[in-house]
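Asks: One file is attached below, coords-v4.tsv, containing TSV, C-alpha atoms.
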chain	number	residue	atom	x	y	z
A	1	MET	CA	0.00	0.00	0.00
A	2	ASP	CA	1.26	3.48	-0.84
A	3	THR	CA	1.84	6.01	1.89
A	4	ILE	CA	1.12	9.68	1.30
A	5	ALA	CA	3.21	12.21	3.23
A	6	ARG	CA	2.98	15.96	2.76
A	7	THR	CA	4.83	17.15	5.83
A	8	PRO	CA	8.12	16.16	7.46
A	9	GLN	CA	6.14	14.82	10.44
A	10	GLN	CA	4.00	12.60	8.20
A	11	LEU	CA	7.09	11.29	6.45
A	12	GLY	CA	8.76	10.59	9.78
A	13	ALA	CA	5.67	8.73	11.02
A	14	ALA	CA	5.63	6.62	7.87
A	15	ILE	CA	9.29	5.70	8.29
A	16	LYS	CA	8.64	4.81	11.93
A	17	ARG	CA	5.68	2.62	10.96
A	18	HIS	CA	7.73	0.73	8.35
A	19	ARG	CA	10.63	0.34	10.79
A	20	ARG	CA	8.31	-1.19	13.37
A	21	GLN	CA	6.73	-3.50	10.77
A	22	LYS	CA	10.23	-4.84	10.13
A	23	HIS	CA	10.72	-5.31	13.90
A	24	LEU	CA	13.69	-2.94	13.97
A	25	THR	CA	14.64	-0.60	16.78
A	26	GLN	CA	15.88	2.88	16.00
A	27	GLY	CA	19.35	1.59	16.84
A	28	ASN	CA	18.99	-1.33	14.41
A	29	LEU	CA	17.89	0.99	11.62
A	30	GLY	CA	20.72	3.36	12.46
A	31	ASP	CA	23.20	0.49	12.15
A	32	LYS	CA	21.82	-0.40	8.70
A	33	MET	CA	22.10	3.28	7.68
A	34	HIS	CA	25.53	3.75	9.29
A	35	ALA	CA	23.97	6.49	11.45
A	36	ARG	CA	23.35	7.07	15.13
A	37	GLN	CA	20.08	6.16	16.86
A	38	ALA	CA	19.61	9.86	17.61
A	39	THR	CA	19.66	10.57	13.87
A	40	VAL	CA	16.88	8.05	13.30
A	41	SER	CA	14.91	9.60	16.15
A	42	LYS	CA	15.18	13.06	14.57
A	43	LEU	CA	14.14	11.71	11.17
A	44	GLU	CA	11.09	9.99	12.66
A	45	ALA	CA	10.16	13.17	14.53
A	46	GLY	CA	10.13	15.04	11.23
A	47	GLU	CA	12.81	17.52	12.20
A	48	PRO	CA	13.13	19.94	9.29
A	49	ALA	CA	16.94	20.02	9.27
A	50	THR	CA	17.24	16.35	8.27
A	51	GLN	CA	19.60	15.92	5.34
A	52	MET	CA	18.36	14.36	2.12
A	53	ARG	CA	21.10	11.71	2.38
A	54	ILE	CA	19.76	10.58	5.77
A	55	LEU	CA	16.25	10.23	4.34
A	56	MET	CA	17.49	8.27	1.33
A	57	ASP	CA	19.68	6.02	3.52
A	58	ALA	CA	16.66	5.25	5.76
A	59	LEU	CA	14.45	4.44	2.79
A	60	ALA	CA	17.11	2.14	1.33
A	61	ALA	CA	17.65	0.40	4.68
A	62	LEU	CA	13.90	-0.24	4.92
A	63	ASP	CA	13.75	-1.41	1.29
A	64	LEU	CA	11.50	1.53	0.35
A	65	GLU	CA	11.63	4.04	-2.48
A	66	LEU	CA	10.48	7.59	-3.01
A	67	VAL	CA	7.90	8.13	-5.76
A	68	ILE	CA	7.09	11.59	-7.10
A	69	ARG	CA	3.61	12.05	-8.54
A	70	PRO	CA	0.97	14.75	-8.90
A	71	ARG	CA	-0.66	15.69	-5.62
A	72	THR	CA	-4.02	14.09	-4.87
A	73	LYS	CA	-6.97	16.22	-3.84
A	74	VAL	CA	-7.14	14.68	-0.35
A	75	SER	CA	-6.87	17.22	2.46
A	76	ALA	CA	-3.86	17.28	4.77
A	77	LYS	CA	-6.20	16.53	7.70
A	78	ALA	CA	-7.50	13.40	5.97
A	79	ILE	CA	-3.92	12.23	5.47
A	80	GLU	CA	-3.08	12.84	9.14
A	81	ASP	CA	-6.11	10.76	10.13
A	82	LEU	CA	-4.46	7.79	8.43
A	83	PHE	CA	-1.71	7.87	11.05
Hey, can you dump this file as structure tokens for me?

Replies:
Amino acid sequence: MDTIARTPQQLGAAIKRHRRQKHLTQGNLGDKMHARQATVSKLEAGEPATQMRILMDALAALDLELVIRPRTKVSAKAIEDLF
């Protein structure tokens, strides 16, 4: 199933959900990304200063990919309700 994220917080929540589905701790994911647990925590919190490389490393470690497509007409509130 596709996940829609329009804010850093929604993206972080999606990464957290996929990490948990794979039964990984933040530390485990950090090890796979060659990053610290604190870095994973910041990414999952949706901190705006997260580097693109960190995001891409997390997606790769979780066997996920980023897809760019036209925005759907669903409201941001409706998307947040999915989380």

Asks: Please list, as a tab-separated table (two decimals) with C-alpha atoms, in the coordinates of the input, the residues that have an atom at most 7 Å away from (11.8, -0.3, 11.5) in the coordinates of this file, counting only C-alpha atoms.

Replies:
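Contents of out.tsv, freshly written:
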chain	number	residue	atom	x	y	z
A	16	LYS	CA	8.64	4.81	11.93
A	17	ARG	CA	5.68	2.62	10.96
A	18	HIS	CA	7.73	0.73	8.35
A	19	ARG	CA	10.63	0.34	10.79
A	20	ARG	CA	8.31	-1.19	13.37
A	21	GLN	CA	6.73	-3.50	10.77
A	22	LYS	CA	10.23	-4.84	10.13
A	23	HIS	CA	10.72	-5.31	13.90
A	24	LEU	CA	13.69	-2.94	13.97
A	25	THR	CA	14.64	-0.60	16.78
A	26	GLN	CA	15.88	2.88	16.00
A	29	LEU	CA	17.89	0.99	11.62
A	62	LEU	CA	13.90	-0.24	4.92

Asks: Which residues are near range 50-57 of chain A? Cut-off 8 Å, all atoms listed in the file, ignore same chain within fewer than 6 positions. Put them as a VMD selection string.

Replies: chain A and resid 33 42 to 43

Asks: Go through A:Ala58, A:Ile4, A:Asn28, A:Gln10 and flag the residue nearest Lys73 in chain A, using all atoms listed in the file for the distances.

Replies: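 Under the stated criterion, the closest residue is A:Ile4.
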
Asks: Select, from A:Thr39, A:Lys32, A:Asp63, A:Gly46, the residue with the minimum atom-to-atom distance to Gln9 in chain A, counting only C-alpha atoms.

Replies: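 Going through A:Thr39, A:Lys32, A:Asp63, A:Gly46 one by one, the smallest distance to Gln9 in chain A is for A:Gly46.
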
Asks: When you draw a straight line from CA of Ala49 in chain A to CA of Thr72 in chain A, how long is it in Å?

Replies: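 Between these atoms lies a distance of 26.0 Å.
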
Asks: In Å, how far is it from CA of Ala14 in chain A to CA of Ala35 in chain A?

Replies: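 Between CA of Ala14 in chain A and CA of Ala35 in chain A the gap is 18.7 Å.
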
Asks: Quick one: pull the distance between CA of Ile15 in chain A and CA of Leu59 in chain A, Å, one decimal.

Replies: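 Between CA of Ile15 in chain A and CA of Leu59 in chain A the gap is 7.6 Å.
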
Asks: Would you mind telling me which residue in A:Met1, A:Gly30, A:Leu64, A:Arg6 lies nearest to Ala78 in chain A when using all atoms listed in the file?

Replies: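 Checking each of A:Met1, A:Gly30, A:Leu64, A:Arg6 against Ala78 in chain A, counting all atoms listed in the file, the winner is A:Arg6.
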
Asks: Determine the nearest neighbour of Ala45 in chain A from the options A:Leu66, A:Ala5, A:Leu11, A:Val74, counting all atoms listed in the file.

Replies: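 Using all atoms listed in the file, the shortest distance to Ala45 in chain A belongs to A:Leu11.
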